[in-house]
>>> print(open('work_29.txt').read())   # compact mmCIF, C-alpha atoms
# COMPACT_ATOMS: atom_id res chain seq x y z
CA MET A 1 -158.44 28.66 54.19
CA SER A 2 -156.24 31.72 54.79
CA ASN A 3 -156.66 34.96 52.91
CA GLN A 4 -153.20 34.46 51.43
CA THR A 5 -154.16 31.04 50.01
CA LYS A 6 -157.37 32.34 48.45
CA GLN A 7 -155.51 35.25 46.86
CA TRP A 8 -152.60 33.30 45.38
CA GLY A 9 -153.36 34.63 41.88
CA ALA A 10 -153.21 38.24 43.08
CA ILE A 11 -150.00 37.51 45.02
CA ILE A 12 -148.30 36.14 41.90
CA VAL A 13 -149.40 39.16 39.88
CA MET A 14 -148.12 41.62 42.50
CA ILE A 15 -144.76 39.84 42.75
CA ALA A 16 -144.48 39.91 38.95
CA LEU A 17 -145.13 43.66 39.04
CA PHE A 18 -142.41 43.98 41.68
CA ALA A 19 -139.96 42.40 39.23
CA MET A 20 -141.12 44.65 36.40
CA ILE A 21 -140.45 47.74 38.49
CA ALA A 22 -136.80 46.75 38.87
CA PHE A 23 -136.40 45.77 35.21
CA VAL A 24 -137.54 49.15 33.91
CA THR A 25 -135.99 51.28 36.66
CA ASN A 26 -132.58 49.67 36.31
CA LEU A 27 -132.51 50.29 32.57
CA CYS A 28 -131.54 53.88 33.43
CA SER A 29 -128.05 53.08 34.72
CA PRO A 30 -126.72 51.13 31.71
CA MET A 31 -128.63 53.51 29.42
CA ALA A 32 -126.43 56.28 30.88
CA VAL A 33 -123.52 54.77 28.93
CA ILE A 34 -125.53 55.12 25.73
CA VAL A 35 -126.71 58.65 26.54
CA LYS A 36 -123.13 59.76 27.19
CA ASN A 37 -121.94 58.36 23.87
CA GLN A 38 -124.83 59.14 21.52
CA PHE A 39 -125.67 62.61 22.81
CA GLY A 40 -122.20 63.71 23.89
CA ALA A 41 -123.50 64.17 27.45
CA SER A 42 -121.34 64.80 30.49
CA ASN A 43 -121.28 62.35 33.41
CA LEU A 44 -123.82 64.53 35.21
CA GLN A 45 -126.09 64.75 32.17
CA SER A 46 -125.80 61.04 31.39
CA GLN A 47 -127.74 60.23 34.56
CA ILE A 48 -130.75 62.15 33.25
CA GLY A 49 -132.79 58.94 33.11
CA ASN A 50 -132.37 58.46 36.84
CA TYR A 51 -133.18 62.12 37.49
CA GLY A 52 -136.37 61.76 35.45
CA ASN A 53 -137.40 58.72 37.48
CA PHE A 54 -136.77 60.37 40.85
CA ILE A 55 -138.57 63.57 39.89
CA ALA A 56 -141.52 61.46 38.72
CA TYR A 57 -141.78 59.88 42.17
CA LEU A 58 -141.82 63.31 43.78
CA VAL A 59 -144.53 64.51 41.39
CA MET A 60 -146.68 61.38 41.26
CA GLY A 61 -146.50 59.94 44.78
CA ILE A 62 -149.50 61.71 46.35
CA PRO A 63 -151.68 61.62 43.17
CA ALA A 64 -150.96 57.89 42.87
CA GLY A 65 -152.21 57.35 46.41
CA MET A 66 -155.36 59.35 45.67
CA LEU A 67 -155.92 57.36 42.48
CA LEU A 68 -155.45 54.12 44.38
CA LYS A 69 -158.07 55.11 46.94
CA LYS A 70 -160.54 56.21 44.24
CA VAL A 71 -160.34 53.38 41.69
CA GLY A 72 -158.65 50.57 43.62
CA TYR A 73 -155.51 48.48 43.17
CA LYS A 74 -156.38 46.65 39.94
CA ARG A 75 -157.42 49.72 37.95
CA THR A 76 -154.48 51.74 39.21
CA ALA A 77 -152.12 48.95 38.09
CA LEU A 78 -153.76 48.86 34.64
CA ILE A 79 -153.45 52.63 34.26
CA ALA A 80 -149.81 52.44 35.35
CA LEU A 81 -149.06 49.77 32.74
CA VAL A 82 -150.52 51.89 29.95
CA VAL A 83 -148.36 54.80 31.11
CA GLY A 84 -145.34 52.47 31.17
CA ILE A 85 -145.94 51.31 27.60
CA VAL A 86 -146.03 54.94 26.48
CA GLY A 87 -142.84 55.74 28.43
CA ILE A 88 -140.86 52.86 26.91
CA PHE A 89 -142.10 53.73 23.41
CA VAL A 90 -141.01 57.35 23.83
CA GLN A 91 -137.55 56.25 25.00
CA TRP A 92 -137.27 54.03 21.94
CA MET A 93 -138.21 56.99 19.73
CA SER A 94 -135.12 58.85 20.99
CA GLY A 95 -133.02 56.32 19.08
CA TRP A 96 -134.55 57.09 15.69
CA GLU A 97 -131.78 58.04 13.28
CA SER A 98 -133.93 60.73 11.64
CA MET A 99 -134.25 62.65 14.93
CA PRO A 100 -131.75 65.47 15.62
CA ALA A 101 -129.45 64.80 18.60
CA GLY A 102 -130.80 67.73 20.64
CA ALA A 103 -134.40 66.68 20.15
CA ALA A 104 -133.59 63.02 20.80
CA PHE A 105 -131.98 63.93 24.13
CA GLY A 106 -135.16 65.76 25.18
CA VAL A 107 -137.35 62.89 24.00
CA TYR A 108 -135.30 60.45 26.05
CA LEU A 109 -135.79 62.61 29.16
CA VAL A 110 -139.55 62.75 28.58
CA GLY A 111 -139.65 58.98 28.15
CA ALA A 112 -137.68 58.43 31.37
CA PHE A 113 -140.03 60.76 33.24
CA ILE A 114 -143.14 58.98 31.93
CA GLY A 115 -141.57 55.66 32.86
CA GLY A 116 -140.95 57.03 36.35
CA LEU A 117 -144.63 57.93 36.68
CA CYS A 118 -145.47 54.32 35.88
CA MET A 119 -142.95 52.95 38.38
CA CYS A 120 -144.30 55.23 41.10
CA MET A 121 -147.88 54.07 40.51
CA LEU A 122 -146.88 50.40 40.42
CA ASN A 123 -144.90 50.77 43.65
CA THR A 124 -147.92 52.46 45.23
CA VAL A 125 -150.02 49.42 44.27
CA VAL A 126 -147.62 46.58 44.95
CA ASN A 127 -146.33 47.38 48.44
CA PRO A 128 -149.67 47.85 50.26
CA MET A 129 -151.35 45.07 48.25
CA LEU A 130 -148.73 42.49 49.22
CA ASN A 131 -148.91 43.70 52.81
CA ILE A 132 -152.71 43.34 52.80
CA LEU A 133 -152.70 39.94 51.06
CA GLY A 134 -150.32 38.70 53.73
CA GLY A 135 -152.62 39.99 56.45
CA GLY A 136 -150.14 42.65 57.60
CA GLY A 137 -147.62 42.00 60.34
CA ASN A 138 -144.94 39.34 59.76
CA LYS A 139 -146.73 37.66 56.85
CA GLY A 140 -147.24 40.97 55.09
CA ASN A 141 -143.56 41.78 55.48
CA GLN A 142 -142.65 38.29 54.24
CA LEU A 143 -144.58 38.78 50.99
CA ILE A 144 -142.91 42.14 50.42
CA GLN A 145 -139.49 40.52 51.00
CA ILE A 146 -140.33 37.71 48.54
CA GLY A 147 -141.37 40.36 46.04
CA GLY A 148 -138.00 41.98 46.69
CA VAL A 149 -136.23 38.76 45.66
CA PHE A 150 -137.80 38.92 42.22
CA ASN A 151 -137.17 42.66 42.15
CA SER A 152 -133.43 42.09 42.66
CA ALA A 153 -133.36 39.18 40.21
CA ALA A 154 -134.89 41.40 37.52
CA ALA A 155 -132.30 44.10 38.27
CA VAL A 156 -129.47 41.61 37.78
CA ALA A 157 -131.11 40.41 34.55
CA VAL A 158 -131.10 43.97 33.21
CA TYR A 159 -127.35 44.33 33.74
CA ILE A 160 -126.70 40.98 32.06
CA LEU A 161 -128.88 41.87 29.09
CA MET A 162 -127.68 45.45 28.69
CA GLY A 163 -124.04 44.42 29.11
CA ALA A 164 -124.46 42.04 26.19
CA LEU A 165 -126.34 44.58 24.05
CA ILE A 166 -124.16 47.64 24.60
CA GLY A 167 -120.89 45.91 23.76
CA GLU A 168 -118.30 48.62 23.14
CA ALA A 169 -119.39 51.64 25.18
CA ALA A 170 -117.79 54.18 22.86
CA LYS A 171 -120.06 53.08 19.99
CA ALA A 172 -123.26 52.44 21.94
CA THR A 173 -126.55 54.02 20.80
CA VAL A 174 -130.18 53.81 21.88
CA ALA A 175 -130.77 51.53 18.89
CA ASP A 176 -128.48 48.96 20.55
CA ALA A 177 -130.86 48.85 23.50
CA THR A 178 -133.93 48.26 21.32
CA PRO A 179 -134.26 44.56 22.28
CA ALA A 180 -134.29 45.44 25.99
CA LEU A 181 -136.81 48.24 25.45
CA PHE A 182 -139.05 45.93 23.43
CA ILE A 183 -138.76 43.23 26.09
CA ALA A 184 -139.87 45.78 28.70
CA MET A 185 -142.75 46.90 26.49
CA GLY A 186 -143.77 43.29 25.86
CA ILE A 187 -143.75 42.57 29.59
CA PHE A 188 -146.02 45.56 30.18
CA ILE A 189 -148.47 44.41 27.52
CA VAL A 190 -148.58 40.83 28.82
CA ALA A 191 -148.98 42.08 32.38
CA PHE A 192 -151.85 44.33 31.33
CA ILE A 193 -153.70 41.41 29.74
CA VAL A 194 -153.05 39.09 32.69
CA ILE A 195 -154.16 41.64 35.30
CA LEU A 196 -157.19 42.60 33.21
CA PHE A 197 -158.48 39.03 33.35
CA THR A 198 -157.28 38.20 36.88
CA LYS A 199 -159.80 38.51 39.68
CA ILE A 200 -158.20 40.56 42.43
CA ASP A 201 -160.31 40.93 45.53
CA GLU A 202 -159.15 44.00 47.37
CA PRO A 203 -159.43 43.01 51.05
CA GLU A 204 -158.90 46.47 52.42
CA ARG A 205 -161.63 48.06 50.32
CA ALA A 206 -164.03 45.15 50.93
CA ASP A 207 -163.43 45.18 54.67
CA LEU A 208 -163.90 48.91 54.89
CA LYS A 209 -167.14 48.68 52.93
CA ALA A 210 -168.49 46.08 55.37
CA ILE A 211 -167.50 48.22 58.33
CA GLU A 212 -169.07 51.23 56.67
CA GLU A 213 -172.39 49.39 56.28
CA LYS A 214 -172.37 48.34 59.94
CA ASN A 215 -171.54 51.82 61.14
CA HIS A 216 -173.63 53.90 58.78
CA GLU A 217 -174.43 56.44 61.44
CA LYS A 218 -170.73 57.18 61.93
CA LYS A 219 -170.14 58.20 58.32
CA LEU A 220 -169.05 61.73 57.57
CA ALA A 221 -171.75 64.00 56.28
CA PRO A 222 -171.47 65.12 52.63
CA GLY A 223 -168.79 67.80 52.35
CA GLN A 224 -167.48 67.12 55.85
CA LYS A 225 -163.72 66.60 55.94
CA ASP A 226 -161.96 63.98 57.99
CA LYS A 227 -159.93 65.76 60.64
CA TYR A 228 -157.35 62.97 60.54
CA SER A 229 -155.01 61.69 57.82
CA ALA A 230 -152.10 59.32 57.47
CA PHE A 231 -149.90 62.15 58.69
CA SER A 232 -151.80 62.16 61.99
CA PHE A 233 -149.88 58.99 62.89
CA ARG A 234 -146.46 59.62 64.39
CA HIS A 235 -145.08 56.24 63.34
CA PHE A 236 -146.05 56.96 59.73
CA ARG A 237 -144.39 60.38 59.69
CA LEU A 238 -141.22 58.91 61.15
CA GLY A 239 -141.51 55.98 58.73
CA ILE A 240 -141.55 58.06 55.55
CA LEU A 241 -138.54 59.96 56.87
CA GLY A 242 -136.97 56.55 57.39
CA ILE A 243 -137.49 55.56 53.74
CA PHE A 244 -136.10 58.95 52.65
CA LEU A 245 -132.91 58.25 54.61
CA TYR A 246 -132.83 54.57 53.65
CA MET A 247 -132.39 55.59 50.02
CA GLY A 248 -129.20 57.36 51.08
CA ILE A 249 -127.81 54.06 52.36
CA GLU A 250 -128.94 51.83 49.51
CA VAL A 251 -127.61 54.06 46.74
CA GLY A 252 -124.99 56.16 48.56
CA VAL A 253 -122.87 53.22 49.72
CA PRO A 254 -122.23 51.64 46.26
CA THR A 255 -122.08 55.01 44.47
CA TYR A 256 -119.12 56.19 46.50
CA ILE A 257 -117.38 52.82 46.43
CA LEU A 258 -117.22 53.45 42.69
CA GLN A 259 -116.04 57.04 43.16
CA TYR A 260 -113.40 56.13 45.74
CA LEU A 261 -111.88 53.19 43.90
CA THR A 262 -111.70 54.99 40.55
CA ALA A 263 -110.48 58.39 41.82
CA PRO A 264 -106.73 59.02 41.23
CA VAL A 265 -104.33 58.30 44.08
CA ASN A 266 -102.72 61.71 43.60
CA PRO A 267 -105.41 64.08 42.28
CA VAL A 268 -104.32 67.07 40.21
CA GLU A 269 -106.15 69.46 42.53
CA PRO A 270 -105.16 69.14 46.22
CA VAL A 271 -108.78 69.81 47.28
CA MET A 272 -110.04 66.80 45.35
CA ALA A 273 -110.65 63.56 47.22
CA ALA A 274 -108.00 60.93 46.58
CA GLY A 275 -108.88 57.35 45.74
CA MET A 276 -107.36 54.02 44.78
CA GLY A 277 -106.83 54.74 41.06
CA MET A 278 -108.37 51.47 39.83
CA GLU A 279 -109.78 50.89 36.35
CA ALA A 280 -113.44 51.86 36.10
CA SER A 281 -114.32 48.70 34.16
CA ILE A 282 -113.03 46.48 36.98
CA VAL A 283 -114.57 48.61 39.71
CA GLY A 284 -117.98 48.50 38.02
CA LEU A 285 -117.94 44.72 38.17
CA ILE A 286 -116.97 44.79 41.85
CA VAL A 287 -119.72 47.25 42.75
CA ALA A 288 -122.24 44.99 41.01
CA VAL A 289 -121.61 42.47 43.80
CA TYR A 290 -123.31 44.91 46.18
CA TRP A 291 -126.57 44.39 44.27
CA LEU A 292 -125.97 40.65 44.30
CA MET A 293 -125.73 40.90 48.11
CA MET A 294 -129.14 42.56 48.09
CA LEU A 295 -130.54 39.64 46.11
CA ILE A 296 -129.12 37.15 48.60
CA GLY A 297 -130.40 39.18 51.53
CA ARG A 298 -133.90 39.30 50.09
CA PHE A 299 -133.90 35.51 49.69
CA VAL A 300 -133.11 35.23 53.38
CA GLY A 301 -135.65 37.93 54.28
CA GLY A 302 -138.36 36.19 52.31
CA ALA A 303 -137.56 32.87 53.97
CA ILE A 304 -137.68 34.14 57.54
CA GLY A 305 -140.10 37.04 57.13
CA GLY A 306 -143.08 35.04 58.39
CA LYS A 307 -141.36 34.28 61.69
CA VAL A 308 -139.36 37.45 62.28
CA SER A 309 -141.10 40.78 62.82
CA SER A 310 -140.24 43.87 60.79
CA LYS A 311 -139.04 45.51 64.00
CA GLN A 312 -136.57 42.71 64.69
CA MET A 313 -135.46 42.59 61.06
CA ILE A 314 -134.75 46.33 60.80
CA THR A 315 -133.10 46.38 64.24
CA VAL A 316 -130.61 43.69 63.21
CA ALA A 317 -130.10 45.08 59.68
CA SER A 318 -129.50 48.67 60.80
CA THR A 319 -127.17 47.58 63.62
CA ALA A 320 -125.14 45.48 61.20
CA ALA A 321 -125.05 48.36 58.71
CA ILE A 322 -123.71 50.71 61.39
CA ILE A 323 -120.94 48.27 62.30
CA LEU A 324 -119.99 47.58 58.66
CA ILE A 325 -119.94 51.27 57.68
CA LEU A 326 -117.82 52.21 60.70
CA PHE A 327 -115.40 49.39 59.93
CA GLY A 328 -115.25 50.40 56.28
CA MET A 329 -114.49 54.01 57.19
CA PHE A 330 -111.73 53.38 59.71
CA ALA A 331 -110.10 50.07 58.73
CA PRO A 332 -106.53 50.72 57.46
CA THR A 333 -106.39 50.76 53.68
CA SER A 334 -103.27 48.62 53.91
CA TRP A 335 -105.49 45.72 55.00
CA GLN A 336 -106.49 44.28 51.64
CA VAL A 337 -108.43 41.28 50.39
CA ASN A 338 -109.24 39.71 47.05
CA ILE A 339 -112.85 40.36 46.16
CA PRO A 340 -114.87 38.80 43.32
CA GLY A 341 -116.72 40.72 40.66
CA VAL A 342 -119.11 39.48 38.02
CA ASP A 343 -118.78 40.42 34.35
CA TRP A 344 -122.49 40.38 33.52
CA GLY A 345 -121.79 40.55 29.79
CA THR A 346 -119.71 37.36 29.65
CA LEU A 347 -120.96 35.82 32.91
CA THR A 348 -117.40 35.35 34.16
CA VAL A 349 -115.94 36.00 37.60
CA ILE A 350 -113.04 38.45 37.98
CA TRP A 351 -110.95 39.10 41.09
CA ALA A 352 -109.46 42.35 42.34
CA ARG A 353 -107.51 43.36 45.43
CA VAL A 354 -109.15 46.11 47.46
CA PRO A 355 -109.03 47.46 51.03
CA VAL A 356 -110.98 45.23 53.44
CA GLY A 357 -113.12 48.26 54.29
CA ILE A 358 -114.53 48.20 50.76
CA PHE A 359 -115.60 44.60 51.28
CA ALA A 360 -117.43 45.76 54.43
CA PHE A 361 -119.25 48.42 52.40
CA ILE A 362 -120.30 45.79 49.85
CA LEU A 363 -121.72 43.63 52.64
CA VAL A 364 -124.02 46.53 53.56
CA GLY A 365 -126.08 45.29 50.61
CA LEU A 366 -127.17 42.36 52.77
CA CYS A 367 -128.55 44.87 55.28
CA THR A 368 -130.31 47.20 52.85
CA SER A 369 -131.96 44.23 51.14
CA VAL A 370 -134.66 43.89 53.80
CA MET A 371 -135.02 47.51 54.83
CA TRP A 372 -137.55 48.72 52.26
CA GLY A 373 -140.18 46.10 53.05
CA GLY A 374 -139.63 46.30 56.80
CA ILE A 375 -139.89 50.08 56.93
CA PHE A 376 -143.03 50.11 54.77
CA ASN A 377 -144.63 47.39 56.85
CA MET A 378 -144.04 49.26 60.10
CA ALA A 379 -144.99 52.66 58.67
CA VAL A 380 -148.46 51.63 57.43
CA GLU A 381 -149.34 49.20 60.21
CA GLY A 382 -152.68 50.14 61.75
CA LEU A 383 -153.51 52.89 59.22
CA GLY A 384 -156.64 51.19 57.86
CA LYS A 385 -158.49 53.51 55.45
CA TYR A 386 -155.48 55.82 55.28
CA THR A 387 -153.20 53.13 53.81
CA ALA A 388 -153.78 54.03 50.15
CA ILE A 389 -152.89 57.71 50.56
CA ALA A 390 -150.06 56.74 52.91
CA SER A 391 -148.60 54.47 50.22
CA GLY A 392 -148.55 57.37 47.77
CA ALA A 393 -146.83 59.66 50.28
CA PHE A 394 -144.38 56.85 51.00
CA MET A 395 -143.42 56.69 47.33
CA THR A 396 -142.61 60.40 47.11
CA MET A 397 -139.82 59.86 49.61
CA VAL A 398 -137.88 57.77 47.08
CA PHE A 399 -136.69 61.21 46.01
CA GLY A 400 -134.49 61.03 49.10
CA CYS A 401 -132.02 59.09 46.99
CA ALA A 402 -131.09 62.16 44.96
CA VAL A 403 -130.94 64.38 48.05
CA MET A 404 -128.86 62.10 50.28
CA VAL A 405 -126.42 61.12 47.54
CA ALA A 406 -125.92 64.83 46.81
CA ILE A 407 -125.28 65.54 50.51
CA GLN A 408 -122.71 62.75 50.61
CA ALA A 409 -121.04 64.25 47.55
CA LEU A 410 -120.93 67.63 49.29
CA VAL A 411 -119.27 66.09 52.36
CA ALA A 412 -116.72 64.35 50.14
CA ASP A 413 -115.94 67.66 48.41
CA LEU A 414 -115.69 69.67 51.63
CA THR A 415 -113.46 67.13 53.38
CA ALA A 416 -111.60 65.91 50.26
CA ASN A 417 -112.16 62.42 51.65
CA TYR A 418 -114.54 59.80 50.29
CA LEU A 419 -114.39 57.66 53.41
CA ILE A 420 -115.39 60.55 55.67
CA SER A 421 -118.44 61.07 53.45
CA TYR A 422 -119.76 57.75 54.75
CA PHE A 423 -120.84 59.57 57.89
CA VAL A 424 -123.96 60.39 55.83
CA PRO A 425 -125.19 56.79 55.31
CA LEU A 426 -123.98 56.05 58.85
CA ALA A 427 -126.31 58.72 60.24
CA CYS A 428 -129.13 57.27 58.13
CA ALA A 429 -128.54 53.80 59.57
CA VAL A 430 -128.56 55.20 63.13
CA TYR A 431 -131.94 56.80 62.45
CA LEU A 432 -133.36 53.51 61.16
CA LEU A 433 -132.22 51.78 64.34
CA TYR A 434 -134.06 54.44 66.35
CA TYR A 435 -137.16 53.98 64.19
CA ALA A 436 -137.19 50.22 64.63
CA LEU A 437 -136.73 50.38 68.40
CA ILE A 438 -138.85 53.43 69.26
CA GLY A 439 -140.31 55.42 66.37
CA SER A 440 -142.28 52.56 64.78
CA LYS A 441 -144.67 52.20 67.73
CA ASN A 442 -148.20 53.36 66.94
CA VAL A 443 -148.97 55.90 69.66
CA ASN A 444 -152.12 57.12 67.91
CA THR A 445 -154.38 54.10 68.38
CA ASP A 446 -157.23 56.41 69.38
CA ILE A 447 -157.62 57.61 65.79
CA PRO A 448 -160.46 55.73 63.99
CA VAL A 449 -159.18 54.01 60.86
CA ALA A 450 -162.50 52.89 59.32
CA ASP A 451 -165.09 55.08 57.56
>>> encode(input="work_29.txt", output="structure tokens")
Amino acid sequence: MSNQTKQWGAIIVMIALFAMIAFVTNLCSPMAVIVKNQFGASNLQSQIGNYGNFIAYLVMGIPAGMLLKKVGYKRTALIALVVGIVGIFVQWMSGWESMPAGAAFGVYLVGAFIGGLCMCMLNTVVNPMLNILGGGGNKGNQLIQIGGVFNSAAAVAVYILMGALIGEAAKATVADATPALFIAMGIFIVAFIVILFTKIDEPERADLKAIEEKNHEKKLAPGQKDKYSAFSFRHFRLGILGIFLYMGIEVGVPTYILQYLTAPVNPVEPVMAAGMGMEASIVGLIVAVYWLMMLIGRFVGGAIGGKVSSKQMITVASTAAIILILFGMFAPTSWQVNIPGVDWGTLTVIWARVPVGIFAFILVGLCTSVMWGGIFNMAVEGLGKYTAIASGAFMTMVFGCAVMVAIQALVADLTANYLISYFVPLACAVYLLYYALIGSKNVNTDIPVAD
């Protein structure tokens, strides 16, 4: 009987956690509509929930890896769920009518940050655990891709739910989102109970303990420090840079579709980037299709992940992304197509005419769908005892989203051209192709990976 078969309960739990991560994380985007209305926030300030989440990853990534190594996967997940319950409760508090607007805004930020700490810890648990339960390699990548399917499905569910709850944006308040917040809190509580009573054998820790007993004489003396770490592996260092840049593709591409399509055709200031002048409500529905493409791509990735290596998957995905981004940048805007959008509130399909290059950008979602799992799988392959800390370091690089999106914004401002700004995600895709073909090879096989 394979390790994966024996650990089916743990696999289900980890995949469920993968979905929870998306549900809570993606609350931040529709909540921005509420924050802007209730607290009179600017567009920049309304994204404070996302900022809180990204900063939490930067702060908690390494500590989460250390916690994982010290107490194991199950206990780390339980601690993360308690933190998540607190974070959701604090966000709900920001909607209390008795709380002054200024204080409520601060409370919401604190809640988003606490929620981000939880998401970081859960990500640190889920990714390596699924990789280990699959036995690493292709099977490990396949489990991560399957987890990604449920992750994307939960993200879509959030937009459907929040679209129905918010209703008229101009009147939206945190109180309107109470059902969604309570659903998230309920999921955390149920997950805590399920994980608490689920037996999760931690293969990596058990295997290392057996090796340790067989090689007692090779153990480090008390107080002696290991001269190696996860960062001693070149493919890991290049891998975490890869995930940093990947975030610039995943988020940068749809973000600036939205900016480009909604920007005025003839901006008031000549230095401002011109766009297509479309209605924001329609554009938002079109951009949502990008995330639907990610869901479809993860279905495919999960189906073929056991037969196709991470290297092959990322090679194809990054090559396709390069081609699509180049086409999107340079295809004449006069070439237009009808593209569908989904109104998640009413579950109806709308159609809009856009440049064919925009459709190419949306198809990039198919490429980014498999990148996270593939990059993680390649980055931690062969790390052994360093995997836990490596997973924590890996999570800190999610902060790359904020950095790369800001760089793309700077390019758009300096060139007054949104399409030219796509050189940023293009460069990121080129790097990922290099990583898959060359950088992912473990050239440090001489480093011992067992205690």
>>> atom_distance(input="work_29.txt", atom1="CA of Val424 (chain A)", atom2="CA of Thr25 (chain A)")
24.4 Å
>>> closest_residue(input="work_29.txt", among="A:Leu295, A:Val83, A:Met313, A:Val71", to="Gly115 (chain A)", atoms="only C-alpha atoms")
A:Val83
>>> closest_residue(input="work_29.txt", among="A:Ser334, A:Ser369, A:Thr387, A:Thr415", to="Gly147 (chain A)", atoms="all atoms listed in the file")
A:Ser369
>>> closest_residue(input="work_29.txt", among="A:Gly72, A:Phe54, A:Val380, A:Ile88", to="Ala180 (chain A)", atoms="only C-alpha atoms")
A:Ile88
>>> atom_distance(input="work_29.txt", atom1="CA of Leu366 (chain A)", atom2="CA of Ile296 (chain A)")
7.0 Å
>>> axis_aligned_box(input="work_29.txt", around="region 146-149 of chain A", padding_each_side="6 Å", output="JSON")
{"center_x": -138.8, "center_y": 39.8, "center_z": 47.1, "size_x": 17.1, "size_y": 16.3, "size_z": 14.9}
>>> closest_residue(input="work_29.txt", among="A:Ala352, A:Leu58, A:Ile325, A:Ile375", to="Ala429 (chain A)", atoms="only C-alpha atoms")
A:Ile325
>>> residues_around(input="work_29.txt", residues="Val403 (chain A)", least_positions_apart="4", cutoff="9 Å", atoms="only C-alpha atoms", output="number ranges by chain")
A: 244, 248, 399, 407-408
>>> write_last_selection(input="work_29.txt", atoms="C-alpha atoms", output="mmCIF file, in the coordinates of the input")
data_model
loop_
_atom_site.group_PDB
_atom_site.id
_atom_site.type_symbol
_atom_site.label_atom_id
_atom_site.label_comp_id
_atom_site.auth_asym_id
_atom_site.auth_seq_id
_atom_site.Cartn_x
_atom_site.Cartn_y
_atom_site.Cartn_z
ATOM 1 C CA PHE A 244 -136.100 58.950 52.650
ATOM 2 C CA GLY A 248 -129.200 57.360 51.080
ATOM 3 C CA PHE A 399 -136.690 61.210 46.010
ATOM 4 C CA ILE A 407 -125.280 65.540 50.510
ATOM 5 C CA GLN A 408 -122.710 62.750 50.610
#
>>> closest_residue(input="work_29.txt", among="A:Met395, A:Ile85, A:Met93, A:Ala388", to="Leu67 (chain A)", atoms="only C-alpha atoms")
A:Ala388
>>> closest_residue(input="work_29.txt", among="A:Tyr386, A:Phe89, A:Trp372, A:Tyr290", to="Gly341 (chain A)", atoms="all atoms listed in the file")
A:Tyr290
>>> atom_distance(input="work_29.txt", atom1="CA of Phe361 (chain A)", atom2="CA of Leu414 (chain A)")
21.6 Å
>>> decode(input="work_29.txt", residues="region 321-330 of chain A", atoms="N, CA, C and O atoms", output="PDB file, in the first residue's frame")
ATOM      1  N   ALA A 321       3.250  31.567 -21.368  1.00  0.00           N
ATOM      2  CA  ALA A 321       3.025  32.889 -20.786  1.00  0.00           C
ATOM      3  C   ALA A 321       3.820  33.956 -21.542  1.00  0.00           C
ATOM      4  O   ALA A 321       3.313  35.060 -21.810  1.00  0.00           O
ATOM      5  N   ILE A 322       5.048  33.644 -21.905  1.00  0.00           N
ATOM      6  CA  ILE A 322       5.883  34.581 -22.658  1.00  0.00           C
ATOM      7  C   ILE A 322       5.224  34.928 -23.992  1.00  0.00           C
ATOM      8  O   ILE A 322       5.123  36.105 -24.377  1.00  0.00           O
ATOM      9  N   ILE A 323       4.753  33.905 -24.693  1.00  0.00           N
ATOM     10  CA  ILE A 323       4.121  34.107 -26.001  1.00  0.00           C
ATOM     11  C   ILE A 323       2.844  34.940 -25.861  1.00  0.00           C
ATOM     12  O   ILE A 323       2.603  35.883 -26.632  1.00  0.00           O
ATOM     13  N   LEU A 324       2.005  34.590 -24.880  1.00  0.00           N
ATOM     14  CA  LEU A 324       0.736  35.298 -24.686  1.00  0.00           C
ATOM     15  C   LEU A 324       0.956  36.755 -24.287  1.00  0.00           C
ATOM     16  O   LEU A 324       0.255  37.658 -24.770  1.00  0.00           O
ATOM     17  N   ILE A 325       1.917  37.004 -23.393  1.00  0.00           N
ATOM     18  CA  ILE A 325       2.174  38.383 -22.956  1.00  0.00           C
ATOM     19  C   ILE A 325       2.716  39.215 -24.115  1.00  0.00           C
ATOM     20  O   ILE A 325       2.294  40.362 -24.323  1.00  0.00           O
ATOM     21  N   LEU A 326       3.630  38.660 -24.889  1.00  0.00           N
ATOM     22  CA  LEU A 326       4.170  39.385 -26.046  1.00  0.00           C
ATOM     23  C   LEU A 326       3.064  39.706 -27.050  1.00  0.00           C
ATOM     24  O   LEU A 326       2.982  40.820 -27.581  1.00  0.00           O
ATOM     25  N   PHE A 327       2.206  38.727 -27.300  1.00  0.00           N
ATOM     26  CA  PHE A 327       1.094  38.951 -28.225  1.00  0.00           C
ATOM     27  C   PHE A 327       0.168  40.034 -27.676  1.00  0.00           C
ATOM     28  O   PHE A 327      -0.274  40.933 -28.415  1.00  0.00           O
ATOM     29  N   GLY A 328      -0.133  39.955 -26.387  1.00  0.00           N
ATOM     30  CA  GLY A 328      -1.018  40.938 -25.780  1.00  0.00           C
ATOM     31  C   GLY A 328      -0.464  42.347 -25.842  1.00  0.00           C
ATOM     32  O   GLY A 328      -1.206  43.324 -26.003  1.00  0.00           O
ATOM     33  N   MET A 329       0.863  42.467 -25.735  1.00  0.00           N
ATOM     34  CA  MET A 329       1.498  43.787 -25.751  1.00  0.00           C
ATOM     35  C   MET A 329       1.511  44.422 -27.140  1.00  0.00           C
ATOM     36  O   MET A 329       1.333  45.629 -27.275  1.00  0.00           O
ATOM     37  N   PHE A 330       1.710  43.599 -28.169  1.00  0.00           N
ATOM     38  CA  PHE A 330       1.978  44.155 -29.490  1.00  0.00           C
ATOM     39  C   PHE A 330       0.879  43.909 -30.528  1.00  0.00           C
ATOM     40  O   PHE A 330       0.973  44.428 -31.644  1.00  0.00           O
TER      41      PHE A 330
END
